[in-house]
file entry_30.pdb (PDB, C-alpha atoms)
ATOM      1  CA  MET A   1       0.000   0.000   0.000
ATOM      2  CA  THR A   2       1.026   3.559  -0.544
ATOM      3  CA  ASP A   3       1.227   6.251   2.072
ATOM      4  CA  THR A   4      -0.168   8.843  -0.353
ATOM      5  CA  PRO A   5      -3.243  10.653   0.997
ATOM      6  CA  PRO A   6      -6.504  10.136  -0.993
ATOM      7  CA  GLN A   7      -6.556  13.786  -2.128
ATOM      8  CA  SER A   8      -3.125  13.413  -3.689
ATOM      9  CA  GLN A   9      -4.204  10.200  -5.381
ATOM     10  CA  ASN A  10      -7.263  11.977  -6.824
ATOM     11  CA  TRP A  11      -5.120  14.880  -7.984
ATOM     12  CA  ASN A  12      -2.545  12.552  -9.532
ATOM     13  CA  ALA A  13      -5.269  10.607 -11.336
ATOM     14  CA  PHE A  14      -6.849  13.839 -12.536
ATOM     15  CA  ALA A  15      -3.508  15.262 -13.689
ATOM     16  CA  GLU A  16      -2.656  12.021 -15.472
ATOM     17  CA  GLN A  17      -6.043  11.983 -17.222
ATOM     18  CA  TRP A  18      -5.686  15.637 -18.146
ATOM     19  CA  ASN A  19      -2.170  15.088 -19.499
ATOM     20  CA  GLU A  20      -3.303  12.130 -21.594
ATOM     21  CA  GLN A  21      -6.231  14.091 -23.025
ATOM     22  CA  PHE A  22      -4.070  17.130 -23.657
ATOM     23  CA  LEU A  23      -1.429  15.057 -25.461
ATOM     24  CA  GLU A  24      -4.100  13.267 -27.494
ATOM     25  CA  ALA A  25      -5.686  16.597 -28.462
ATOM     26  CA  PHE A  26      -2.281  18.017 -29.316
ATOM     27  CA  GLU A  27      -1.409  14.992 -31.484
ATOM     28  CA  ASN A  28      -4.792  15.226 -33.224
ATOM     29  CA  ASN A  29      -4.179  18.920 -33.825
ATOM     30  CA  VAL A  30      -0.752  18.307 -35.324
ATOM     31  CA  GLU A  31      -2.142  15.545 -37.555
ATOM     32  CA  ALA A  32      -5.030  17.771 -38.663
ATOM     33  CA  GLN A  33      -2.632  20.590 -39.445
ATOM     34  CA  ALA A  34      -0.396  18.237 -41.419
ATOM     35  CA  ARG A  35      -3.333  16.937 -43.475
ATOM     36  CA  PHE A  36      -4.515  20.499 -43.974
ATOM     37  CA  VAL A  37      -1.096  21.672 -45.141
ATOM     38  CA  GLU A  38      -0.752  18.708 -47.538
ATOM     39  CA  SER A  39      -4.193  19.337 -49.007
ATOM     40  CA  TRP A  40      -3.549  23.029 -49.276
ATOM     41  CA  ALA A  41      -0.164  22.516 -50.912
ATOM     42  CA  GLU A  42      -1.755  20.241 -53.525
ATOM     43  CA  THR A  43      -4.435  22.837 -54.223
ATOM     44  CA  VAL A  44      -1.975  25.712 -54.403
ATOM     45  CA  GLY A  45       0.246  23.689 -56.726
ATOM     46  CA  GLU A  46      -2.663  23.206 -59.124
ATOM     47  CA  MET A  47      -3.623  26.886 -59.271
ATOM     48  CA  SER A  48      -2.548  29.027 -62.165
ATOM     49  CA  ASP A  49      -3.955  32.444 -61.278
ATOM     50  CA  ASP A  50      -1.552  34.567 -59.198
ATOM     51  CA  ALA A  51      -4.450  36.406 -57.526
ATOM     52  CA  GLU A  52      -6.022  33.113 -56.472
ATOM     53  CA  LEU A  53      -2.675  31.857 -55.268
ATOM     54  CA  SER A  54      -2.101  34.991 -53.212
ATOM     55  CA  GLU A  55      -5.588  34.888 -51.721
ATOM     56  CA  GLY A  56      -5.218  31.183 -50.991
ATOM     57  CA  VAL A  57      -1.934  31.701 -49.190
ATOM     58  CA  GLU A  58      -3.483  34.541 -47.168
ATOM     59  CA  GLY A  59      -6.404  32.291 -46.214
ATOM     60  CA  TYR A  60      -4.006  29.594 -45.119
ATOM     61  CA  ALA A  61      -1.976  32.146 -43.135
ATOM     62  CA  ARG A  62      -5.124  33.277 -41.296
ATOM     63  CA  ALA A  63      -6.026  29.655 -40.581
ATOM     64  CA  TYR A  64      -2.511  28.940 -39.334
ATOM     65  CA  GLU A  65      -2.696  32.019 -37.098
ATOM     66  CA  ALA A  66      -5.943  30.684 -35.612
ATOM     67  CA  TRP A  67      -4.222  27.369 -34.806
ATOM     68  CA  MET A  68      -1.279  29.140 -33.204
ATOM     69  CA  ASN A  69      -3.628  31.307 -31.111
ATOM     70  CA  ALA A  70      -5.409  28.153 -29.971
ATOM     71  CA  SER A  71      -2.114  26.567 -29.011
ATOM     72  CA  GLN A  72      -1.212  29.632 -26.952
ATOM     73  CA  GLN A  73      -4.642  29.633 -25.340
ATOM     74  CA  MET A  74      -4.216  25.938 -24.454
ATOM     75  CA  VAL A  75      -0.855  26.592 -22.826
ATOM     76  CA  GLU A  76      -2.283  29.522 -20.853
ATOM     77  CA  ARG A  77      -5.261  27.481 -19.630
ATOM     78  CA  ALA A  78      -2.955  24.574 -18.742
ATOM     79  CA  ASN A  79      -0.827  26.960 -16.676
ATOM     80  CA  ASP A  80      -3.978  28.328 -15.049
ATOM     81  CA  GLN A  81      -4.940  24.812 -14.078
ATOM     82  CA  LEU A  82      -1.490  24.056 -12.713
ATOM     83  CA  GLU A  83      -1.767  27.202 -10.610
ATOM     84  CA  GLY A  84      -4.966  25.846  -9.063
ATOM     85  CA  GLU A  85      -7.702  27.390 -11.207
ATOM     86  CA  ASP A  86     -10.638  25.074 -11.895
ATOM     87  CA  VAL A  87     -10.484  24.469 -15.655
ATOM     88  CA  GLU A  88     -12.972  22.053 -17.176
ATOM     89  CA  LEU A  89     -11.591  19.479 -19.613
ATOM     90  CA  GLU A  90     -14.413  20.369 -22.000
ATOM     91  CA  GLU A  91     -12.915  23.856 -22.279
ATOM     92  CA  PHE A  92      -9.821  22.384 -23.939
ATOM     93  CA  ARG A  93     -11.973  20.415 -26.368
ATOM     94  CA  ASP A  94     -14.021  23.510 -27.159
ATOM     95  CA  VAL A  95     -10.895  25.537 -27.915
ATOM     96  CA  TRP A  96      -9.830  23.021 -30.572
ATOM     97  CA  LEU A  97     -13.320  22.648 -32.038
ATOM     98  CA  ASN A  98     -13.858  26.408 -32.258
ATOM     99  CA  THR A  99     -10.413  26.883 -33.758
ATOM    100  CA  ALA A 100     -11.027  24.192 -36.346
ATOM    101  CA  ASN A 101     -14.245  25.948 -37.344
ATOM    102  CA  GLU A 102     -12.497  29.307 -37.553
ATOM    103  CA  ALA A 103      -9.526  27.943 -39.507
ATOM    104  CA  PHE A 104     -11.655  26.118 -42.035
ATOM    105  CA  LYS A 105     -13.849  29.195 -42.423
ATOM    106  CA  GLU A 106     -10.739  31.213 -43.294
ATOM    107  CA  VAL A 107      -9.749  28.707 -45.951
ATOM    108  CA  MET A 108     -13.243  28.029 -47.278
ATOM    109  CA  SER A 109     -13.923  31.723 -47.858
ATOM    110  CA  THR A 110     -11.149  32.012 -50.453
ATOM    111  CA  THR A 111     -11.662  32.027 -54.204
ATOM    112  CA  ALA A 112      -9.128  29.221 -54.501
ATOM    113  CA  PHE A 113     -11.218  26.982 -52.242
ATOM    114  CA  ALA A 114     -14.404  27.900 -54.129
ATOM    115  CA  LYS A 115     -12.695  27.102 -57.426
ATOM    116  CA  MET A 116     -11.357  23.806 -56.139
ATOM    117  CA  THR A 117     -14.757  22.873 -54.680
ATOM    118  CA  GLY A 118     -16.529  23.785 -57.909
ATOM    119  CA  GLU A 119     -14.112  21.712 -59.949
ATOM    120  CA  THR A 120     -14.457  18.782 -57.565
ATOM    121  CA  VAL A 121     -18.257  18.915 -57.631
ATOM    122  CA  GLY A 122     -18.158  19.134 -61.427
ATOM    123  CA  ASP A 123     -15.859  16.116 -61.599
ATOM    124  CA  VAL A 124     -18.068  14.130 -59.221
ATOM    125  CA  LEU A 125     -21.214  14.965 -61.205
ATOM    126  CA  GLU A 126     -19.477  13.960 -64.433
ATOM    127  CA  LEU A 127     -18.349  10.659 -62.903
ATOM    128  CA  GLN A 128     -21.861  10.069 -61.564
ATOM    129  CA  GLN A 129     -23.305  10.663 -65.049
ATOM    130  CA  GLU A 130     -20.819   8.229 -66.577
ATOM    131  CA  ALA A 131     -21.563   5.621 -63.903
ATOM    132  CA  ASP A 132     -25.318   6.015 -64.449
ATOM    133  CA  GLU A 133     -24.894   5.589 -68.202
ATOM    134  CA  ALA A 134     -22.703   2.513 -67.754
ATOM    135  CA  ALA A 135     -25.182   0.992 -65.289
ATOM    136  CA  GLU A 136     -28.070   1.656 -67.666
ATOM    137  CA  GLU A 137     -26.220   0.081 -70.597
ATOM    138  CA  THR A 138     -25.361  -2.963 -68.500
ATOM    139  CA  LEU A 139     -28.936  -3.405 -67.279
ATOM    140  CA  HIS A 140     -30.270  -2.950 -70.807
ATOM    141  CA  SER A 141     -27.887  -5.566 -72.198
ATOM    142  CA  LEU A 142     -29.045  -8.006 -69.501
ATOM    143  CA  GLY A 143     -32.693  -7.390 -70.367
ATOM    144  CA  PHE A 144     -33.579  -5.552 -67.169
ATOM    145  CA  PRO A 145     -35.639  -2.380 -67.234
ATOM    146  CA  THR A 146     -33.672   0.742 -66.440
ATOM    147  CA  GLU A 147     -34.729   3.960 -64.778
ATOM    148  CA  SER A 148     -35.197   5.625 -68.155
ATOM    149  CA  ASP A 149     -37.367   2.682 -69.284
ATOM    150  CA  VAL A 150     -39.574   3.037 -66.221
ATOM    151  CA  VAL A 151     -39.784   6.818 -66.704
ATOM    152  CA  GLU A 152     -40.725   6.302 -70.357
ATOM    153  CA  VAL A 153     -43.483   3.832 -69.396
ATOM    154  CA  GLY A 154     -44.732   6.280 -66.771
ATOM    155  CA  ASP A 155     -44.792   9.123 -69.314
ATOM    156  CA  ARG A 156     -46.729   6.959 -71.747
ATOM    157  CA  LEU A 157     -49.245   6.030 -69.048
ATOM    158  CA  VAL A 158     -49.755   9.679 -68.169
ATOM    159  CA  GLU A 159     -50.281  10.511 -71.853
ATOM    160  CA  LEU A 160     -52.761   7.606 -72.246
ATOM    161  CA  GLU A 161     -54.619   8.795 -69.154
ATOM    162  CA  ARG A 162     -54.789  12.330 -70.553
ATOM    163  CA  ARG A 163     -56.124  11.065 -73.885
ATOM    164  CA  GLN A 164     -58.634   8.787 -72.169
ATOM    165  CA  HIS A 165     -59.893  11.721 -70.119
ATOM    166  CA  ALA A 166     -60.283  13.813 -73.307
ATOM    167  CA  VAL A 167     -62.188  10.982 -75.022
ATOM    168  CA  GLU A 168     -64.453  10.600 -71.973
ATOM    169  CA  GLU A 169     -65.214  14.327 -72.017
ATOM    170  CA  LYS A 170     -66.097  14.167 -75.716
ATOM    171  CA  LEU A 171     -68.222  11.074 -75.129
ATOM    172  CA  ASP A 172     -70.046  12.844 -72.281
ATOM    173  CA  ARG A 173     -70.802  15.799 -74.592
ATOM    174  CA  VAL A 174     -72.065  13.463 -77.333
ATOM    175  CA  LEU A 175     -74.295  11.654 -74.829
ATOM    176  CA  GLU A 176     -75.618  14.975 -73.458
ATOM    177  CA  HIS A 177     -76.366  16.119 -77.017
ATOM    178  CA  ILE A 178     -78.207  12.845 -77.808
ATOM    179  CA  GLU A 179     -80.223  13.054 -74.566
ATOM    180  CA  GLU A 180     -81.247  16.634 -75.377
ATOM    181  CA  GLN A 181     -82.870  15.539 -78.644
TER     182      GLN A 181
END
call {"tool": "encode", "arguments": {"input": "entry_30.pdb", "output": "structure tokens"}}
result
Amino acid sequence: MTDTPPQSQNWNAFAEQWNEQFLEAFENNVEAQARFVESWAETVGEMSDDAELSEGVEGYARAYEAWMNASQQMVERANDQLEGEDVELEEFRDVWLNTANEAFKEVMSTTAFAKMTGETVGDVLELQQEADEAAEETLHSLGFPTESDVVEVGDRLVELERRQHAVEEKLDRVLEHIEEQ
């Protein structure tokens, strides 16, 4: 058995838990920043417009500044806790979440990001169209009805229903005319 008082054991357990969570959050932050930098470098490398490049770099710089401010805030709050201030663990989580939102907002508001997103969405829609066409051709060759076949049948049914309704109206008028005589 240890001679450590229960309060010290609680504090040690709390400090150990806090340290583990802080290190995990820090590692996650570093990994997120690394992924962000890699993605951003790829995007910047693909850009041709100097104005877009400049704006993109400025957006990244603002995002990086937000991360650095968060790191400083984390160190300050950790020191506050070590000095005895009651700091909730959720506060550390919130700092990183809020910073991530702020940093991504800085990047997402750039023309470079909008251009990249537009190009990506365009590429995805084009791939989706090609996949749909390939699936339809495959189903057709296997003798299965495709979405366009079902839509065509539905359109024909609607047209038949419209014509039937018109014929019924004409028939009703003819019958009314015969009954009047």
call {"tool": "axis_aligned_box", "arguments": {"input": "entry_30.pdb", "around": "region 159-162 of chain A", "padding_each_side": "8 Å", "output": "AutoDock Vina command-line options"}}
result
--center_x -52.5 --center_y 10.0 --center_z -70.7 --size_x 20.5 --size_y 20.7 --size_z 19.1
call {"tool": "residues_around", "arguments": {"input": "entry_30.pdb", "residues": "Glu55 (chain A)", "least_positions_apart": "5", "cutoff": "9 Å", "atoms": "all atoms listed in the file", "output": "list of chain:residue names"}}
result
A:Asp50, A:Tyr60, A:Thr110, A:Thr111, A:Ala112
call {"tool": "write_last_selection", "arguments": {"input": "entry_30.pdb", "atoms": "C-alpha atoms", "output": "compact mmCIF listing (two decimals), keeping the file's coordinate frame"}}
result
# COMPACT_ATOMS: atom_id res chain seq x y z
CA ASP A 50 -1.55 34.57 -59.20
CA TYR A 60 -4.01 29.59 -45.12
CA THR A 110 -11.15 32.01 -50.45
CA THR A 111 -11.66 32.03 -54.20
CA ALA A 112 -9.13 29.22 -54.50
call {"tool": "atom_distance", "arguments": {"input": "entry_30.pdb", "atom1": "CA of Glu85 (chain A)", "atom2": "CA of Ala100 (chain A)"}}
result
25.6 Å
call {"tool": "closest_residue", "arguments": {"input": "entry_30.pdb", "among": "A:Ala66, A:Ala134, A:Val158, A:Ala61", "to": "Val95 (chain A)", "atoms": "only C-alpha atoms"}}
result
A:Ala66
call {"tool": "atom_distance", "arguments": {"input": "entry_30.pdb", "atom1": "CA of Leu97 (chain A)", "atom2": "CA of Asn69 (chain A)"}}
result
13.0 Å
